[in-house]
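entry-v9.cif, holding mmCIF, C-alpha atoms:
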data_start
#
loop_
_atom_site.label_atom_id
_atom_site.label_comp_id
_atom_site.auth_asym_id
_atom_site.auth_seq_id
_atom_site.Cartn_x
_atom_site.Cartn_y
_atom_site.Cartn_z
CA MET A 123 36.65 106.36 -40.61
CA ASN A 124 36.98 104.27 -37.43
CA PRO A 125 34.09 101.75 -37.20
CA LEU A 126 33.71 102.42 -33.51
CA ASP A 127 33.05 106.15 -34.23
CA SER A 128 30.14 105.14 -36.47
CA VAL A 129 28.72 102.92 -33.80
CA SER A 130 29.04 105.67 -31.18
CA LYS A 131 27.24 108.20 -33.36
CA ALA A 132 24.43 105.77 -34.02
CA VAL A 133 23.92 105.24 -30.36
CA SER A 134 23.88 108.99 -29.66
CA VAL A 135 21.29 109.67 -32.36
CA ASN A 136 18.91 106.97 -31.13
CA ALA A 137 19.47 107.38 -27.43
CA GLY A 138 16.42 109.57 -26.92
CA THR A 139 13.95 107.28 -28.61
CA VAL A 140 15.26 103.93 -27.53
CA GLY A 141 16.39 104.83 -24.05
CA ARG A 142 18.22 102.29 -21.97
CA GLN A 143 17.05 99.45 -24.24
CA ALA A 144 19.26 100.64 -27.11
CA ALA A 145 22.22 98.29 -27.24
CA VAL A 146 24.70 97.78 -29.96
CA ILE A 147 27.10 94.88 -30.06
CA ALA A 148 30.10 95.29 -32.32
CA ALA A 149 32.59 92.60 -33.08
CA ALA A 150 36.05 93.45 -34.26
CA SER A 151 38.84 90.83 -34.27
CA GLY A 152 37.21 88.95 -31.46
CA LEU A 153 34.08 88.94 -29.32
CA ILE A 154 33.50 92.60 -28.20
CA LEU A 155 30.29 93.48 -26.44
CA SER A 156 29.37 97.16 -25.81
CA ILE A 157 26.11 98.70 -24.66
CA GLY A 158 25.24 102.32 -25.56
CA MET A 159 23.06 103.91 -22.88
CA PRO A 160 23.27 106.86 -20.48
CA ALA A 161 25.46 106.30 -17.49
CA ASN A 162 22.69 106.85 -14.96
CA ALA A 163 20.38 104.49 -16.83
CA ALA A 164 23.03 101.84 -16.98
CA ASP A 165 23.70 102.12 -13.26
CA ALA A 166 20.01 101.84 -12.43
CA ASN A 167 19.54 98.66 -14.41
CA ILE A 168 22.45 96.67 -13.12
CA GLY A 169 21.13 93.18 -12.24
CA VAL A 170 17.66 93.89 -13.73
CA SER A 171 16.52 91.89 -16.75
CA ALA A 172 14.74 93.53 -19.67
CA SER A 173 11.63 91.45 -19.14
CA ALA A 174 11.23 92.84 -15.60
CA GLU A 175 10.54 96.40 -16.80
CA SER A 176 7.02 97.48 -17.58
CA GLY A 177 6.46 98.18 -21.25
CA SER A 178 9.94 97.21 -22.24
CA GLN A 179 10.80 95.80 -25.60
CA THR A 180 12.56 92.46 -26.10
CA THR A 181 16.30 92.98 -26.04
CA GLN A 182 18.11 91.33 -28.91
CA LEU A 183 21.63 90.06 -28.32
CA ALA A 184 23.97 89.38 -31.23
CA VAL A 185 27.03 87.22 -30.67
CA THR A 186 29.84 87.04 -33.17
CA ALA A 187 32.65 84.46 -32.90
CA ALA A 188 36.22 85.15 -33.90
CA PRO A 189 37.34 83.68 -37.24
CA THR A 190 39.89 81.55 -35.42
CA ALA A 191 37.34 79.98 -33.06
CA THR A 192 37.05 76.19 -33.16
CA VAL A 193 34.11 73.96 -32.32
CA SER A 194 34.58 70.47 -30.98
CA PHE A 195 32.16 67.74 -30.00
CA GLU A 196 32.80 65.00 -27.50
CA ARG A 197 32.71 61.55 -29.06
CA PRO A 198 31.40 58.69 -26.92
CA ALA A 199 33.96 55.99 -26.26
CA VAL A 200 33.19 52.77 -28.13
CA THR A 201 34.56 49.46 -26.95
CA THR A 202 34.44 46.13 -28.78
CA GLU A 203 34.68 42.56 -27.60
CA ALA A 204 35.93 39.62 -29.60
CA ALA A 205 33.36 37.03 -30.58
CA PRO A 206 33.39 33.97 -28.31
CA VAL A 207 35.45 31.04 -29.61
CA THR A 208 33.53 27.81 -29.88
CA GLU A 209 35.22 24.95 -28.09
CA THR A 210 35.96 22.16 -30.58
CA LEU A 211 38.65 20.26 -28.73
CA ALA A 212 36.38 17.35 -27.90
CA ALA A 213 35.22 17.02 -31.50
CA GLN A 214 38.79 17.22 -32.76
CA SER A 215 39.90 14.59 -30.26
CA SER A 216 37.10 12.29 -31.41
CA ASP A 217 38.01 12.84 -35.07
CA GLU A 218 41.69 12.18 -34.38
CA THR A 219 40.85 8.96 -32.53
CA ALA A 220 38.68 7.77 -35.43
CA ALA A 221 41.43 8.67 -37.92
CA ALA A 222 44.02 6.79 -35.86
CA GLY A 223 41.74 3.75 -35.70
CA SER A 224 41.27 3.85 -39.47
CA ILE A 225 45.03 4.04 -40.04
CA THR A 226 45.61 1.11 -37.70
CA ALA A 227 42.96 -0.98 -39.47
CA LYS A 228 44.53 -0.22 -42.86
CA ALA A 229 47.97 -1.12 -41.52
CA ASP A 230 46.64 -4.45 -40.23
CA LYS A 231 45.09 -5.21 -43.61
CA LEU A 232 48.33 -4.39 -45.38
CA THR A 233 50.22 -6.65 -42.97
CA ASP A 234 47.80 -9.51 -43.59
CA ALA A 235 48.06 -8.99 -47.34
CA ALA A 236 51.85 -9.03 -47.11
CA LYS A 237 51.79 -12.23 -45.10
CA SER A 238 49.44 -13.88 -47.59
CA ALA A 239 51.69 -12.85 -50.47
CA ALA A 240 54.71 -14.15 -48.59
CA ALA A 241 52.95 -17.45 -47.94
CA SER A 242 52.14 -17.86 -51.62
CA GLY A 243 55.74 -16.99 -52.43
CA LEU A 244 56.91 -19.61 -49.93
CA ALA A 245 55.17 -22.33 -51.91
CA ALA A 246 56.88 -21.17 -55.10
CA ILE A 247 60.25 -21.12 -53.34
CA ALA A 248 59.66 -24.64 -52.01
CA TYR A 249 59.23 -25.89 -55.57
CA THR A 250 62.75 -24.69 -56.39
CA GLY A 251 64.09 -27.06 -53.74
CA ILE A 252 62.82 -30.21 -55.44
CA GLY A 253 65.61 -32.57 -56.44
CA HIS A 254 68.18 -31.34 -53.94
CA PRO A 255 69.77 -34.02 -51.72
CA TYR A 256 68.89 -34.94 -48.21
CA VAL A 257 71.79 -34.45 -45.74
CA TRP A 258 71.30 -34.84 -42.01
CA GLY A 259 71.87 -31.44 -40.30
CA GLY A 260 72.28 -29.62 -43.65
CA THR A 261 70.75 -26.17 -44.26
CA THR A 262 71.62 -25.33 -47.90
CA PRO A 263 70.56 -26.52 -51.35
CA SER A 264 73.74 -28.57 -51.54
CA GLY A 265 72.23 -30.77 -48.85
CA TRP A 266 69.62 -30.33 -46.07
CA ASP A 267 67.36 -32.29 -43.83
CA CYS A 268 63.63 -31.65 -43.43
CA SER A 269 63.95 -28.83 -40.88
CA GLY A 270 66.95 -27.32 -42.68
CA PHE A 271 64.88 -27.23 -45.88
CA THR A 272 61.88 -25.45 -44.30
CA GLN A 273 64.15 -22.91 -42.59
CA TRP A 274 65.86 -22.19 -45.92
CA VAL A 275 62.53 -21.70 -47.75
CA TYR A 276 61.31 -19.15 -45.19
CA ALA A 277 64.67 -17.38 -45.19
CA GLN A 278 64.43 -16.79 -48.96
CA ALA A 279 61.23 -14.83 -48.26
CA GLY A 280 62.96 -12.80 -45.55
CA ILE A 281 61.28 -14.69 -42.70
CA SER A 282 63.34 -16.07 -39.84
CA ILE A 283 62.09 -19.22 -38.12
CA PRO A 284 63.87 -21.61 -35.74
CA ARG A 285 65.60 -24.51 -37.39
CA VAL A 286 64.16 -27.03 -34.92
CA ASN A 287 60.49 -27.13 -33.83
CA ALA A 288 59.70 -24.02 -35.88
CA TRP A 289 55.96 -24.66 -35.49
CA ASN A 290 56.23 -23.51 -31.86
CA ALA A 291 56.69 -19.97 -33.18
CA MET A 292 53.57 -20.23 -35.40
CA THR A 293 49.81 -20.44 -35.03
CA PRO A 294 47.94 -23.73 -35.51
CA THR A 295 45.37 -23.74 -38.33
CA SER A 296 42.78 -26.20 -39.61
CA THR A 297 42.59 -24.49 -43.01
CA PRO A 298 46.16 -24.51 -44.31
CA ALA A 299 47.20 -22.28 -47.20
CA PRO A 300 50.17 -22.66 -49.56
CA GLY A 301 53.35 -21.79 -47.69
CA ASP A 302 52.13 -23.02 -44.28
CA LEU A 303 54.19 -25.48 -42.30
CA VAL A 304 53.24 -29.18 -42.13
CA MET A 305 54.35 -30.92 -38.94
CA GLN A 306 54.03 -34.72 -39.11
CA ASN A 307 54.16 -37.70 -36.78
CA GLY A 308 54.36 -35.61 -33.61
CA GLY A 309 57.30 -33.56 -34.86
CA ALA A 310 59.37 -36.31 -36.46
CA HIS A 311 59.02 -34.70 -39.90
CA VAL A 312 58.25 -31.26 -41.34
CA GLY A 313 57.65 -29.78 -44.78
CA ILE A 314 55.96 -26.94 -46.75
CA TYR A 315 52.28 -27.19 -47.72
CA VAL A 316 51.69 -26.20 -51.37
CA GLY A 317 47.93 -26.74 -51.66
CA ASN A 318 45.61 -29.47 -52.94
CA GLY A 319 46.71 -31.86 -50.16
CA MET A 320 50.30 -31.80 -51.35
CA MET A 321 53.56 -30.83 -49.64
CA ILE A 322 57.27 -30.55 -50.43
CA SER A 323 59.86 -31.87 -48.00
CA ALA A 324 63.37 -33.26 -47.73
CA LEU A 325 62.08 -36.72 -47.14
CA ASN A 326 65.10 -39.01 -46.68
CA PRO A 327 68.56 -39.75 -48.16
CA SER A 328 67.05 -42.09 -50.76
CA ASP A 329 64.30 -39.78 -52.08
CA GLY A 330 65.87 -36.40 -51.35
CA THR A 331 63.59 -33.34 -51.65
CA ILE A 332 60.29 -34.24 -53.37
CA LEU A 333 56.64 -33.29 -53.90
CA HIS A 334 54.31 -35.77 -52.22
CA ALA A 335 50.87 -36.13 -50.68
CA VAL A 336 50.47 -34.98 -47.07
CA SER A 337 48.61 -38.20 -46.25
CA ALA A 338 51.48 -40.38 -47.57
CA THR A 339 53.80 -39.63 -44.69
CA GLY A 340 51.71 -39.91 -41.55
CA THR A 341 49.51 -37.78 -39.34
CA SER A 342 49.77 -34.04 -39.88
CA SER A 343 49.21 -30.70 -38.13
CA PHE A 344 49.36 -27.33 -39.90
CA TYR A 345 50.86 -24.05 -38.71
CA THR A 346 50.77 -20.58 -40.19
CA LEU A 347 52.44 -17.21 -39.71
CA ARG A 348 49.15 -15.36 -40.40
#

For this file, write the structure as structure tokens.
Amino acid sequence: MNPLDSVSKAVSVNAGTVGRQAAVIAAASGLILSIGMPANAADANIGVSASAESGSQTTQLAVTAAPTATVSFERPAVTTEAAPVTETLAAQSSDETAAAGSITAKADKLTDAAKSAAASGLAAIAYTGIGHPYVWGGTTPSGWDCSGFTQWVYAQAGISIPRVNAWNAMTPTSTPAPGDLVMQNGGAHVGIYVGNGMMISALNPSDGTILHAVSATGTSSFYTLR
């Protein structure tokens, strides 16, 4: 039997008792709304609500959605902001400056240590020159004068100094260390200080290169590379 025929019969049977308030809503494959009431009653109530009639009953309205209906909800837009970045450039710059200063200080200490080691090595090298002859203007162990001898000693340690008046390229010191230069008699003589008031120099053609006391050969001034 057609479902709409059943609905129509039900409306006809109850029309007398329910009157124009009898309404049946049937849904079939979609949202279908039909009201069963006499034609004249329907025309008279166009635009009139059920609650406006005296003694009327509450009208019930049933709504049925199609199976294919979809329900959607609007979702509020959410935006995010990145956390602020703390400025650390000034702190980094300060740290880098301190690190650079520390590196420089360490480099200076290493340089000083290298110079001290070289000075000590100079004294040892000077000892190897003892016994070699004195030759005016010479610069090798086969024969040298006082300035040629000191230049040779420094050269063996990888240090270049002028052959004449080498002390002008150095720093005066009142506390000489082994390896420092001894300038005597206003520049007339020069040798290598080896500590304990002693020096080694190419003294003259008669004595050659010897170890002797600093005080034995005149007034002295001391110069250092440190």

One-decimal distance in Å that lies between CA of Ala299 (chain A) and CA of Ala324 (chain A): 19.6 Å

Chain and number of each residue from the PyMOL selection byres ((chain A and resi 261) around 9), as a list in words: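 In the shown coordinates, the PyMOL selection byres ((chain A and resi 261) around 9) covers Val257, Trp258, Gly259, Gly260, Thr262, Pro263, Ser264, Gly265, Trp266, Asp267, Ser269, Gly270, Phe271, Thr272, Gln273, Trp274 and Arg285 of chain A.
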
Two-atom distance - CA of Ser342 (chain A), CA of Tyr256 (chain A) (Å):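 CA of Ser342 (chain A) sits 20.9 Å away from CA of Tyr256 (chain A).
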
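Closest approach to Pro255 (chain A) among A:Val275, A:Ala288, A:Ile332, A:Ala310 is made by A:Ile332 (distances from only C-alpha atoms).
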
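Candidate residues A:His254, A:Val286, A:Ile247, A:Val304 were compared for distance to Ser328 (chain A), and the nearest is A:His254, using only C-alpha atoms.
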
Minimum-distance residue to Pro327 (chain A), chosen among A:Ile281, A:Cys268, A:Leu347, A:Ala291 (using only C-alpha atoms):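 Closest candidate: A:Cys268.
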
Nearest to Thr346 (chain A) by atom-to-atom distance, counting only C-alpha atoms, from A:Ile283, A:Gly253, A:Ala246, A:Asp302: A:Asp302

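CA of Asn318 (chain A) sits 26.3 Å away from CA of Pro284 (chain A).
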
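When the PyMOL selection byres ((chain A and resi 333) around 6) is run on the displayed coordinates, the residues it returns are Met321, Ile322, Ile332 and His334 of chain A.
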
Selection result for the PyMOL selection byres ((chain A and resi 296) around 9) on this file, as a list in words: Pro294, Thr295, Thr297, Pro298, Ser343, Phe344 and Tyr345 of chain A
